[in-house]
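> If it helps, the file is called query_0.txt and holds compact mmCIF, C-alpha atoms:
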# COMPACT_ATOMS: atom_id res chain seq x y z
CA MET S 69 -14.93 -24.83 0.40
CA SER S 70 -14.76 -21.14 1.27
CA LYS S 71 -12.79 -18.78 -0.94
CA SER S 72 -9.19 -18.04 -0.07
CA ILE S 73 -8.25 -14.52 0.88
CA LEU S 74 -6.42 -14.10 -2.41
CA GLU S 75 -9.48 -15.18 -4.38
CA THR S 76 -11.52 -12.63 -2.46
CA ILE S 77 -8.99 -9.87 -3.10
CA LEU S 78 -9.04 -10.60 -6.81
CA GLU S 79 -12.82 -10.39 -7.08
CA PRO S 80 -14.02 -7.30 -8.96
CA GLY S 81 -14.85 -4.46 -6.61
CA GLU S 82 -12.82 -5.74 -3.65
CA LEU S 83 -9.81 -3.55 -4.34
CA ARG S 84 -10.58 0.11 -3.75
CA VAL S 85 -8.75 3.05 -5.25
CA VAL S 86 -7.79 6.30 -3.53
CA PHE S 87 -5.67 9.09 -4.93
CA GLN S 88 -2.87 11.20 -3.54
CA PRO S 89 -1.80 14.27 -5.52
CA ILE S 90 1.84 14.94 -6.32
CA PHE S 91 2.52 18.66 -6.15
CA ARG S 92 4.92 20.88 -8.01
CA ILE S 93 6.43 23.26 -5.49
CA GLU S 94 7.38 26.75 -6.62
CA GLY S 95 7.85 29.00 -3.64
CA GLU S 96 4.46 29.37 -2.00
CA THR S 97 2.66 28.00 -5.03
CA ARG S 98 1.71 24.33 -5.05
CA SER S 99 0.07 22.97 -8.14
CA VAL S 100 -0.91 19.39 -8.89
CA ASP S 101 1.53 17.65 -11.20
CA SER S 102 -0.15 14.25 -11.19
CA VAL S 103 -1.96 11.87 -8.87
CA GLU S 104 -0.81 8.52 -7.53
CA ALA S 105 -3.49 5.85 -7.52
CA LEU S 106 -3.22 3.84 -4.32
CA ILE S 107 -4.96 0.59 -3.49
CA ARG S 108 -6.85 -0.43 -0.39
CA GLY S 109 -7.93 -4.02 0.24
CA PRO S 110 -11.35 -5.38 1.16
CA ARG S 111 -13.20 -3.25 3.66
CA GLY S 112 -13.36 -4.54 7.23
CA THR S 113 -10.22 -6.68 6.87
CA HIS S 114 -6.56 -6.24 7.78
CA PHE S 115 -5.99 -5.68 4.09
CA GLU S 116 -7.49 -2.22 4.09
CA ARG S 117 -3.93 -1.28 4.97
CA ALA S 118 -1.89 -1.34 1.79
CA ASP S 119 1.32 -2.37 3.55
CA ILE S 120 -0.35 -5.47 4.98
CA LEU S 121 -2.18 -6.20 1.73
CA PHE S 122 0.96 -6.16 -0.38
CA ASP S 123 3.07 -7.92 2.23
CA TYR S 124 0.51 -10.75 2.05
CA VAL S 125 0.44 -10.64 -1.75
CA ARG S 126 4.22 -10.93 -1.93
CA ARG S 127 4.22 -13.84 0.52
CA LYS S 128 1.65 -15.55 -1.72
CA LYS S 129 3.85 -14.74 -4.74
CA ALA S 130 0.78 -13.28 -6.38
CA GLU S 131 2.21 -9.90 -7.37
CA ALA S 132 1.38 -10.24 -11.06
CA ALA S 133 -2.25 -11.26 -10.55
CA VAL S 134 -2.86 -8.54 -8.00
CA ASP S 135 -1.01 -5.90 -10.04
CA GLN S 136 -3.35 -6.68 -12.93
CA ALA S 137 -6.40 -6.41 -10.68
CA CYS S 138 -5.08 -3.09 -9.39
CA ILE S 139 -4.58 -1.74 -12.91
CA ALA S 140 -8.13 -2.72 -13.83
CA ALA S 141 -9.54 -0.99 -10.74
CA ILE S 142 -7.41 2.12 -11.30
CA CYS S 143 -8.43 2.46 -14.96
CA ASP S 144 -12.08 2.22 -13.89
CA ALA S 145 -11.50 5.10 -11.50
CA ALA S 146 -9.24 7.18 -13.74
CA GLU S 147 -11.98 7.36 -16.33
CA LEU S 148 -13.70 9.87 -14.07
CA LEU S 149 -10.68 12.15 -13.69
CA PRO S 150 -10.24 15.29 -15.79
CA THR S 151 -8.60 14.34 -19.04
CA GLY S 152 -5.43 16.32 -18.33
CA VAL S 153 -4.61 14.61 -15.06
CA ARG S 154 -1.69 12.23 -15.19
CA VAL S 155 -1.95 9.07 -13.13
CA ASN S 156 0.80 7.11 -11.38
CA VAL S 157 0.28 3.38 -10.90
CA ASN S 158 2.42 1.02 -8.84
CA VAL S 159 3.67 -2.14 -10.48
CA HIS S 160 6.07 -4.66 -9.00
CA ALA S 161 9.29 -4.86 -10.97
CA SER S 162 8.93 -8.64 -10.70
CA THR S 163 5.59 -8.43 -12.51
CA LEU S 164 7.25 -6.66 -15.42
CA GLY S 165 10.26 -8.94 -15.16
CA HIS S 166 8.28 -12.15 -15.49
CA ASN S 167 5.30 -11.30 -17.65
CA LEU S 168 5.94 -10.08 -21.16
CA GLY S 169 2.19 -9.69 -21.57
CA PHE S 170 1.85 -7.14 -18.78
CA ALA S 171 2.57 -4.13 -20.98
CA ASP S 172 -0.13 -5.28 -23.40
CA PHE S 173 -2.52 -5.83 -20.51
CA LEU S 174 -1.93 -2.28 -19.30
CA ARG S 175 -2.44 -0.91 -22.80
CA ARG S 176 -5.70 -2.83 -23.26
CA GLN S 177 -7.05 -1.62 -19.95
CA VAL S 178 -6.12 1.99 -20.67
CA GLN S 179 -7.62 1.86 -24.16
CA LYS S 180 -10.76 0.12 -22.91
CA HIS S 181 -11.44 3.17 -20.78
CA SER S 182 -10.45 5.61 -23.54
CA LEU S 183 -7.56 6.94 -21.47
CA GLY S 184 -4.34 8.07 -23.08
CA LEU S 185 -1.31 5.93 -22.31
CA GLU S 186 0.74 9.12 -22.15
CA ARG S 187 -1.21 10.06 -19.02
CA PHE S 188 0.28 7.14 -17.11
CA THR S 189 3.45 6.74 -15.10
CA VAL S 190 4.41 3.27 -13.94
CA GLU S 191 6.00 3.39 -10.51
CA LEU S 192 8.32 0.44 -10.13
CA VAL S 193 8.18 -1.07 -6.67
CA GLU S 194 10.24 -4.00 -5.56
CA HIS S 195 10.93 -5.73 -2.29
CA ALA S 196 12.97 -8.63 -3.59
CA PRO S 197 15.89 -8.85 -6.00
CA THR S 198 14.58 -8.69 -9.53
CA CYS S 199 15.85 -11.74 -11.32
CA ASN S 200 14.91 -10.98 -14.91
CA ILE S 201 16.18 -7.54 -15.84
CA PRO S 202 16.07 -8.17 -19.65
CA GLU S 203 12.35 -8.99 -19.51
CA LEU S 204 11.74 -6.01 -17.26
CA MET S 205 13.53 -3.75 -19.72
CA ASN S 206 11.58 -5.20 -22.66
CA ASN S 207 8.33 -4.34 -20.93
CA LEU S 208 9.56 -0.88 -20.01
CA THR S 209 10.72 -0.20 -23.55
CA ARG S 210 7.29 -1.08 -24.90
CA LEU S 211 5.58 1.09 -22.32
CA ARG S 212 7.86 4.02 -23.11
CA ASP S 213 7.21 3.60 -26.84
CA TRP S 214 3.54 4.13 -26.04
CA GLY S 215 4.25 7.27 -24.03
CA VAL S 216 4.14 5.81 -20.53
CA ARG S 217 6.61 7.35 -18.08
CA VAL S 218 8.58 5.39 -15.53
CA ALA S 219 9.25 6.20 -11.89
CA LEU S 220 11.48 4.33 -9.48
CA ASP S 221 9.67 4.10 -6.15
CA ASP S 222 11.26 4.15 -2.70
CA VAL S 223 14.63 5.34 -4.00
CA GLY S 224 17.31 4.78 -1.40
CA ALA S 225 15.50 1.88 0.19
CA GLY S 226 15.35 -1.82 -0.63
CA GLN S 227 15.83 -2.79 -4.24
CA SER S 228 15.52 0.68 -5.73
CA ASN S 229 19.25 0.82 -6.14
CA TYR S 230 21.86 2.14 -8.57
CA ARG S 231 21.39 -0.81 -10.89
CA MET S 232 17.68 -0.12 -11.22
CA MET S 233 18.49 3.53 -11.94
CA LEU S 234 20.80 2.53 -14.77
CA ASP S 235 18.70 -0.30 -16.17
CA CYS S 236 15.28 1.33 -15.99
CA HIS S 237 16.12 4.93 -16.94
CA PRO S 238 13.39 6.33 -14.70
CA ASP S 239 11.81 9.68 -15.50
CA TYR S 240 11.27 10.16 -11.78
CA PHE S 241 13.13 9.17 -8.63
CA LYS S 242 10.62 8.86 -5.81
CA LEU S 243 12.73 9.55 -2.78
CA ASP S 244 11.76 7.37 0.15
CA ALA S 245 10.25 9.23 3.10
CA TYR S 246 13.02 7.92 5.37
CA PHE S 247 15.52 10.31 3.78
CA VAL S 248 13.21 13.31 3.89
CA ARG S 249 12.40 13.10 7.57
CA ASP S 250 14.28 15.66 9.74
CA LEU S 251 16.07 16.89 6.66
CA THR S 252 16.32 20.44 7.96
CA SER S 253 18.07 19.45 11.18
CA ASP S 254 20.18 16.55 9.92
CA PRO S 255 23.13 17.56 7.69
CA LYS S 256 24.02 13.93 6.91
CA ARG S 257 20.53 13.20 5.68
CA CYS S 258 20.64 16.39 3.68
CA ALA S 259 23.91 15.28 2.08
CA VAL S 260 22.27 12.03 0.97
CA VAL S 261 19.31 13.86 -0.54
CA GLU S 262 21.59 16.32 -2.33
CA SER S 263 23.52 13.43 -3.83
CA VAL S 264 20.28 11.84 -5.07
CA VAL S 265 19.23 15.15 -6.63
CA ALA S 266 22.61 15.47 -8.36
CA LEU S 267 22.36 11.91 -9.62
CA ALA S 268 18.82 12.46 -10.88
CA ASN S 269 19.89 15.63 -12.70
CA ALA S 270 22.77 13.77 -14.32
CA LEU S 271 20.39 11.03 -15.45
CA ASP S 272 17.71 13.44 -16.73
CA SER S 273 15.28 12.43 -14.04
CA ALA S 274 13.17 14.49 -11.67
CA VAL S 275 12.99 13.85 -7.92
CA VAL S 276 9.72 13.43 -6.07
CA ALA S 277 10.06 13.71 -2.30
CA GLU S 278 7.67 11.42 -0.44
CA GLY S 279 6.31 11.92 3.04
CA VAL S 280 7.59 15.45 3.61
CA PRO S 281 6.73 16.12 7.26
CA SER S 282 6.84 19.93 7.47
CA ASN S 283 6.77 23.14 5.47
CA GLU S 284 10.34 23.82 6.60
CA ASP S 285 11.45 20.54 5.05
CA LEU S 286 9.49 21.37 1.93
CA ALA S 287 11.27 24.72 1.57
CA HIS S 288 14.59 23.01 2.23
CA LEU S 289 13.88 20.44 -0.47
CA GLU S 290 13.00 23.12 -2.97
CA ALA S 291 16.21 24.96 -2.14
CA ILE S 292 18.27 21.90 -3.03
CA GLY S 293 16.42 21.30 -6.27
CA VAL S 294 13.49 19.03 -5.45
CA GLU S 295 10.45 20.46 -7.19
CA LEU S 296 7.94 17.68 -6.69
CA ALA S 297 6.49 16.44 -3.42
CA GLN S 298 3.87 13.99 -2.26
CA ALA S 299 2.91 14.08 1.39
CA ASN S 300 0.02 13.96 3.82
CA LEU S 301 1.15 17.46 4.76
CA LEU S 302 -0.09 18.61 1.37
CA CYS S 303 -2.95 16.17 0.88
CA PRO S 304 -3.47 12.61 2.13
CA ALA S 305 -4.73 9.83 -0.12
CA ILE S 306 -8.40 10.58 -0.66
CA PRO S 307 -11.35 8.98 -2.41
CA LEU S 308 -12.09 10.01 -5.96
CA LYS S 309 -15.22 11.88 -4.97
CA GLN S 310 -13.26 14.14 -2.64
CA LEU S 311 -10.53 14.62 -5.18
CA LEU S 312 -13.05 15.72 -7.79
CA ALA S 313 -14.69 18.05 -5.29
CA SER S 314 -11.37 19.72 -4.45
CA ASP S 315 -9.92 22.83 -6.08
CA PHE S 316 -6.90 20.95 -7.33
CA PHE S 317 -7.95 20.81 -10.95
CA CYS S 318 -9.24 24.33 -11.44
CA ASP S 319 -6.50 25.02 -13.96
CA PRO S 320 -8.12 24.48 -17.37
CA ALA S 321 -5.02 22.62 -18.49
CA PHE S 322 -6.42 19.62 -16.61
CA GLY S 323 -9.46 19.45 -18.84
CA THR S 324 -12.89 18.58 -17.61
CA PRO S 325 -13.99 15.96 -15.13
CA LEU S 326 -17.38 14.35 -15.41
CA PRO S 327 -20.00 16.53 -13.72
CA GLN S 328 -20.06 15.64 -10.03
CA GLU S 329 -23.56 14.15 -10.07
CA THR S 330 -22.67 12.04 -13.08
CA ALA S 331 -19.43 10.90 -11.45
CA GLU S 332 -21.32 9.83 -8.33
CA GLN S 333 -23.79 7.85 -10.38
CA THR S 334 -21.11 6.12 -12.37
CA LEU S 335 -18.53 5.34 -9.67
CA PRO S 336 -17.39 1.78 -10.36
CA SER S 337 -17.76 -0.68 -7.50
CA GLY S 338 -14.07 -0.60 -6.62
CA VAL S 339 -13.79 3.14 -6.52
CA GLU S 340 -13.71 4.56 -3.04
CA SER S 341 -16.52 7.06 -2.62
CA ARG S 342 -16.86 7.03 1.14
CA VAL S 343 -15.76 10.07 3.10
CA GLU S 344 -13.44 8.57 5.66
CA SER S 345 -13.79 9.80 9.19
CA GLY S 346 -11.33 12.51 10.00
CA VAL S 347 -9.94 12.73 6.51
CA GLU S 348 -12.40 15.23 5.11
CA SER S 349 -11.37 18.11 7.35
CA ARG S 350 -7.68 17.38 6.81
CA VAL S 351 -8.18 17.47 3.08
CA HIS S 352 -10.16 20.65 3.36
CA ASN S 353 -7.36 22.26 5.33
CA SER S 354 -4.65 21.02 3.05
CA VAL S 355 -6.55 22.17 0.01
CA GLN S 356 -6.83 25.59 1.54
CA THR S 357 -3.14 25.61 2.31
CA SER S 358 -2.09 24.32 -1.06
CA VAL S 359 -4.04 26.79 -3.10
CA GLN S 360 -3.71 29.77 -0.85
CA SER S 361 -1.23 31.46 -3.10
CA ILE S 362 -3.05 30.71 -6.32
CA ASP S 363 -5.11 33.54 -7.70
CA ARG S 364 -8.38 31.65 -7.66
CA GLU S 365 -10.43 34.26 -9.45
CA HIS S 366 -7.89 34.36 -12.18
CA ALA S 367 -7.87 30.58 -12.42
CA PHE S 368 -11.64 30.34 -12.64
CA ALA S 369 -11.78 33.17 -15.17
CA LYS S 370 -9.25 31.33 -17.28
CA ALA S 371 -11.28 28.14 -16.90
CA ALA S 372 -14.45 29.91 -18.01
CA ALA S 373 -12.73 31.51 -21.00
CA ALA S 374 -11.32 28.18 -22.02
CA SER S 375 -14.52 26.24 -21.38
CA GLN S 376 -15.50 26.16 -25.04
CA SER S 377 -12.45 24.18 -25.94
CA PHE S 378 -12.23 22.08 -22.80
CA TYR S 379 -15.88 21.19 -22.33
CA THR S 380 -16.35 19.69 -25.75
CA MET L 188 -4.88 -13.78 32.61
CA LEU L 189 -2.43 -11.32 31.06
CA ARG L 190 -5.00 -8.52 31.05
CA GLY L 191 -3.43 -5.08 31.19
CA MET L 192 -0.08 -6.25 29.86
CA ALA L 193 1.03 -6.03 26.25
CA ASP L 194 -2.06 -8.01 25.58
CA LYS L 195 -2.44 -8.42 21.87
CA ILE L 196 -3.20 -11.91 20.67
CA LEU L 197 -3.03 -13.39 17.19
CA ILE L 198 -5.06 -16.47 16.33
CA LEU L 199 -4.35 -18.56 13.24
CA ASP L 200 -7.12 -21.03 12.52
CA ASP L 201 -9.28 -21.63 9.45
CA ASP L 202 -12.27 -22.80 11.51
CA GLU L 203 -14.31 -19.60 11.51
CA GLN L 204 -16.76 -20.68 14.21
CA LEU L 205 -13.97 -21.64 16.57
CA VAL L 206 -12.11 -18.42 15.88
CA ASP L 207 -15.25 -16.40 16.61
CA ALA L 208 -15.62 -18.19 19.96
CA TYR L 209 -11.97 -17.57 20.91
CA ARG L 210 -12.18 -13.97 19.82
CA GLU L 211 -15.34 -13.31 21.81
CA TYR L 212 -13.94 -14.93 24.94
CA LEU L 213 -10.55 -13.25 24.78
CA THR L 214 -11.92 -9.85 23.81
CA GLY L 215 -14.31 -10.13 26.74
CA ASN L 216 -11.27 -10.68 28.95
CA GLY L 217 -9.63 -7.47 27.86
CA TYR L 218 -7.43 -8.62 25.02
CA THR L 219 -7.06 -7.17 21.58
CA VAL L 220 -7.42 -10.06 19.17
CA ASP L 221 -6.46 -10.35 15.52
CA CYS L 222 -7.42 -13.44 13.55
CA ALA L 223 -5.86 -14.94 10.45
CA GLN L 224 -7.09 -17.79 8.30
CA GLU L 225 -3.93 -18.40 6.30
CA LEU L 226 -0.26 -18.79 7.12
CA GLU L 227 0.77 -15.85 4.93
CA GLU L 228 -1.87 -13.60 6.46
CA ALA L 229 -0.56 -14.42 9.93
CA GLN L 230 3.01 -13.78 8.78
CA SER L 231 2.02 -10.39 7.37
CA LEU L 232 0.32 -9.42 10.63
CA LEU L 233 3.37 -10.53 12.62
CA ALA L 234 5.51 -8.34 10.37
CA HIS L 235 3.45 -5.26 11.18
CA PHE L 236 2.26 -5.73 14.76
CA SER L 237 3.65 -7.08 18.02
CA TYR L 238 1.70 -9.85 19.69
CA SER L 239 2.24 -11.14 23.20
CA VAL L 240 0.68 -14.50 22.38
CA LEU L 241 0.10 -16.46 19.19
CA ILE L 242 -2.51 -19.21 19.23
CA THR L 243 -2.21 -21.40 16.17
CA ASP L 244 -3.93 -24.46 14.87
CA LEU L 245 -1.43 -27.01 13.69
CA ARG L 246 -3.26 -28.18 10.62
CA LEU L 247 -4.75 -25.73 8.13
CA SER L 248 -7.05 -26.92 5.38
CA LYS L 249 -4.97 -25.34 2.62
CA LEU L 250 -1.59 -26.19 4.14
CA ALA L 251 -1.00 -29.32 6.21
CA PHE L 252 0.89 -28.44 9.36
CA GLY L 253 1.02 -24.77 8.35
CA GLY L 254 0.84 -23.97 12.06
CA LEU L 255 4.27 -25.51 12.54
CA ASP L 256 5.60 -23.32 9.73
CA LEU L 257 4.30 -20.30 11.61
CA VAL L 258 5.91 -21.44 14.87
CA ARG L 259 9.23 -21.74 13.04
CA HIS L 260 8.67 -18.36 11.38
CA VAL L 261 8.17 -16.68 14.77
CA ARG L 262 11.30 -18.23 16.22
CA GLU L 263 13.46 -17.68 13.13
CA ASN L 264 12.51 -14.01 13.25
CA SER L 265 13.26 -13.86 16.98
CA LEU L 266 9.85 -12.45 17.80
CA ALA L 267 9.07 -12.11 21.48
CA THR L 268 5.76 -13.89 21.10
CA ARG L 269 4.63 -16.79 23.26
CA ILE L 270 3.10 -19.61 21.25
CA ILE L 271 0.22 -21.95 22.01
CA VAL L 272 -0.33 -24.75 19.51
CA LEU L 273 -3.80 -26.26 19.19
CA THR L 274 -4.55 -29.49 17.41
CA ALA L 275 -7.02 -32.33 17.28
CA TYR L 276 -4.06 -34.67 16.83
CA GLY L 277 -2.39 -35.71 20.05
CA TRP L 278 0.46 -37.72 18.61
CA PRO L 279 3.54 -37.50 20.83
CA GLU L 280 5.78 -37.05 17.78
CA LEU L 281 3.77 -34.04 16.72
CA LYS L 282 3.91 -32.56 20.17
CA ALA L 283 7.67 -33.07 20.24
CA GLU L 284 8.06 -31.43 16.85
CA ALA L 285 5.95 -28.45 17.91
CA ALA L 286 8.09 -28.07 21.03
CA SER L 287 11.35 -28.38 19.14
CA SER L 288 10.10 -25.80 16.63
CA GLY L 289 9.60 -23.32 19.44
CA ALA L 290 6.02 -23.73 20.69
CA ASP L 291 5.55 -22.97 24.38
CA LEU L 292 2.35 -24.92 25.00
CA PHE L 293 0.46 -27.65 23.23
CA LEU L 294 -3.30 -28.03 23.71
CA ARG L 295 -5.63 -30.72 22.39
CA LYS L 296 -8.77 -29.69 20.54
CA PRO L 297 -11.51 -29.32 21.50
CA THR L 298 -10.23 -26.94 24.17
CA GLU L 299 -12.40 -25.38 26.82
CA LEU L 300 -12.20 -21.62 26.66
CA ARG L 301 -11.26 -21.56 30.34
CA ASP L 302 -8.33 -23.91 29.60
CA LEU L 303 -7.18 -21.58 26.86
CA GLY L 304 -7.35 -18.70 29.35
CA ASN L 305 -5.33 -20.74 31.85
CA ALA L 306 -2.74 -21.50 29.19
CA ILE L 307 -2.33 -17.80 28.53
CA ASP L 308 -2.04 -17.27 32.29
CA LEU L 309 0.70 -19.86 32.40
CA LEU L 310 2.70 -17.95 29.84
CA ALA L 311 2.46 -14.71 31.81
CA GLY L 312 5.81 -13.40 32.93
CA VAL L 313 7.77 -16.01 30.98
CA SER L 314 10.17 -14.56 28.46
CA ALA L 315 10.09 -15.91 24.94
Written as structure tokens, how would this file's structure read?

Amino acid sequence: MSKSILETILEPGELRVVFQPIFRIEGETRSVDSVEALIRGPRGTHFERADILFDYVRRKKAEAAVDQACIAAICDAAELLPTGVRVNVNVHASTLGHNLGFADFLRRQVQKHSLGLERFTVELVEHAPTCNIPELMNNLTRLRDWGVRVALDDVGAGQSNYRMMLDCHPDYFKLDAYFVRDLTSDPKRCAVVESVVALANALDSAVVAEGVPSNEDLAHLEAIGVELAQANLLCPAIPLKQLLASDFFCDPAFGTPLPQETAEQTLPSGVESRVESGVESRVHNSVQTSVQSIDREHAFAKAAAASQSFYT
Amino acid sequence: MLRGMADKILILDDDEQLVDAYREYLTGNGYTVDCAQELEEAQSLLAHFSYSVLITDLRLSKLAFGGLDLVRHVRENSLATRIIVLTAYGWPELKAEAASSGADLFLRKPTELRDLGNAIDLLAGVSA
């Protein structure tokens, strides 16, 4: 009998990892704060699209199994990132709410690849009511004890509601793109975003705006206190190879990636290395835009001066 | 045939050879065709794309009468998709159940490709 789609998805190497940087916005300066690891399904199938992949996974009630496979693929890929780069991973709240062993699984995977747990942020995603909040909180407590940060994804939409904010104590609110769209021209939308920012401040959380469509919206967000943004405008999700080839990590604080030729030789099977048609030039442009205000010479000089400590 | 209209077709069948034949025929007649092997895959595609016609096998190897579940899913979600049910079983009760679940046409397998094309023709201009 042929394999089911789910069995295929769970095979090593079938899930591919791409990365989208999250930027800290300070006036004209945009520096990488962290990267979100995003999953793409088997090539040549509908499941290359993450929304279709995870819709299918949720219908199959296979969130936990697929979340584990995603974590394994992401840790494989993250091994090649500079050691100072923090990595966001998506995990269904239901996975953490039903599997006490998930936190241990994440820790084992991270340690297997000699990555620091403190580099990771778990982004809680949920599309159905979470039925086991105590178990979810147990898992989150353990993760926090190990230094993992917590983000609440899609804030304002679906199940990322006030209860989740109170129960999960997220370090980050990831504001759903719906609320960011047309922010500049829509006072009501702006009022909602301002209220989320105020709430986040009161709860000691930071807000990440997702899907910011324009530089005007970006400036508007910064003016109302949103310092972090993730958007195709700044950089789309890109394969690891492109990410490593970008200027994003020229600040020595990020540490050292594997040399490019070594990274290419050691790309795990699930790590996306293909340059997708049309994406390369967009990335190139966005990289240029995002670093235009950074004093590159200064950054490289700093990197060279610090190389003794960061290259060992 | 519906060529030139909102002509996207979804096929749910776990017989790969048959699906390939349908896809080739319908694509050759100007349709955009998506194929699913499992009920949940078809449901996910229906959640993300609009299809003018769904062609579904009634019996799936991993889920007996999963095709009927999909027919009900389409109707419960009020999707404007016309539905053709295919099956090797011609039992009148089954046909009646498919119709009451919301199927528009019921075809016996094996079906000539031309008959499938005619069935799609028959659904042209009929609102779901």
> Could you list, as an mmCIF file with C-alpha atoms, in the frame of the given file, the residues of chain S having an atom within 9 Å of chain L when counting all atoms listed in the file?

data_model
loop_
_atom_site.group_PDB
_atom_site.id
_atom_site.type_symbol
_atom_site.label_atom_id
_atom_site.label_comp_id
_atom_site.auth_asym_id
_atom_site.auth_seq_id
_atom_site.Cartn_x
_atom_site.Cartn_y
_atom_site.Cartn_z
ATOM 1 C CA SER S 72 -9.190 -18.040 -0.070
ATOM 2 C CA ILE S 73 -8.250 -14.520 0.880
ATOM 3 C CA HIS S 114 -6.560 -6.240 7.780
ATOM 4 C CA ASP S 119 1.320 -2.370 3.550
ATOM 5 C CA ILE S 120 -0.350 -5.470 4.980
ATOM 6 C CA LEU S 121 -2.180 -6.200 1.730
ATOM 7 C CA PHE S 122 0.960 -6.160 -0.380
ATOM 8 C CA ASP S 123 3.070 -7.920 2.230
ATOM 9 C CA TYR S 124 0.510 -10.750 2.050
ATOM 10 C CA VAL S 125 0.440 -10.640 -1.750
ATOM 11 C CA ARG S 127 4.220 -13.840 0.520
ATOM 12 C CA LYS S 128 1.650 -15.550 -1.720
#
> What does the structure give for the distance between CA of Leu78 in chain S and CA of Lys129 in chain S, in Å to one decimal?
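Calculated distance between CA of Leu78 in chain S and CA of Lys129 in chain S is 13.7 Å.
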> Could you list, as a PDB file with C-alpha atoms, in the coordinates of the input, every residue within 9 Å of Leu311 in chain S, counting all atoms listed in the file and ignoring same-chain residues fewer than 3 positions away?

ATOM      1  CA  VAL S  86      -7.790   6.300  -3.530  1.00  0.00           C
ATOM      2  CA  PHE S  87      -5.670   9.090  -4.930  1.00  0.00           C
ATOM      3  CA  GLN S  88      -2.870  11.200  -3.540  1.00  0.00           C
ATOM      4  CA  PRO S  89      -1.800  14.270  -5.520  1.00  0.00           C
ATOM      5  CA  LEU S 149     -10.680  12.150 -13.690  1.00  0.00           C
ATOM      6  CA  ILE S 306      -8.400  10.580  -0.660  1.00  0.00           C
ATOM      7  CA  PRO S 307     -11.350   8.980  -2.410  1.00  0.00           C
ATOM      8  CA  LEU S 308     -12.090  10.010  -5.960  1.00  0.00           C
ATOM      9  CA  SER S 314     -11.370  19.720  -4.450  1.00  0.00           C
ATOM     10  CA  ASP S 315      -9.920  22.830  -6.080  1.00  0.00           C
ATOM     11  CA  PHE S 316      -6.900  20.950  -7.330  1.00  0.00           C
ATOM     12  CA  PHE S 317      -7.950  20.810 -10.950  1.00  0.00           C
TER      13      PHE S 317
END
> For a cut-off of 7 Å around (3.9, 23.0, 4.7), file coordinates, pick out all residues using all atoms listed in the file and list them as a list in words.
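With a cut-off of 7 Å, the residues come to Ser282, Asn283, Glu284, Leu286, Leu301 and Leu302 of chain S.
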> In Å, with one decimal, what is the gap from CA of Gln204 in chain L to CA of Ser239 in chain L?
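Calculated distance between CA of Gln204 in chain L and CA of Ser239 in chain L is 23.1 Å.
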> I'd like to know which of L:Phe236, L:Glu280, L:Leu255, L:Arg246 is closest to Ala267 in chain L, using all atoms listed in the file.
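Going through L:Phe236, L:Glu280, L:Leu255, L:Arg246 one by one, the smallest distance to Ala267 in chain L is for L:Phe236.
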> Work out how far CA of Val260 in chain S is from CA of Asp244 in chain S, in Å to one decimal.
11.5 Å
> Let me make sure I understand: among S:Glu104, S:Glu194, S:Glu147, S:Asp221, which one has the smallest atom-to-atom distance to Glu131 in chain S if we use only C-alpha atoms?
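Ranking S:Glu104, S:Glu194, S:Glu147, S:Asp221 by distance to Glu131 in chain S, first place goes to S:Glu194.
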> Using only C-alpha atoms, which of L:Ala208, L:Ile198, L:Asn216, L:Leu300 sits nearest Leu257 in chain L?
L:Ile198
> Within 9 Å of range 137-144 of chain S, counting all atoms listed in the file, which residues show up once you throw out same-chain ones fewer than 4 positions away? Write them as a ChimeraX atom specification, please.
/S:77-81,83-86,105-107,132-133,148,157-159,173-174,177-178,180-181,183,335-339
> Restricting the calculation to only C-alpha atoms: of S:Ile93, S:Ala313, S:Cys303, S:Ala268, which residue gets closest to His288 in chain S?
S:Ile93
> Compare L:Leu281, L:Thr268, L:Arg301, L:Asp200 by their minimum atom-to-atom distance to Leu213 in chain L, counting only C-alpha atoms, and give me the closest one.
L:Arg301
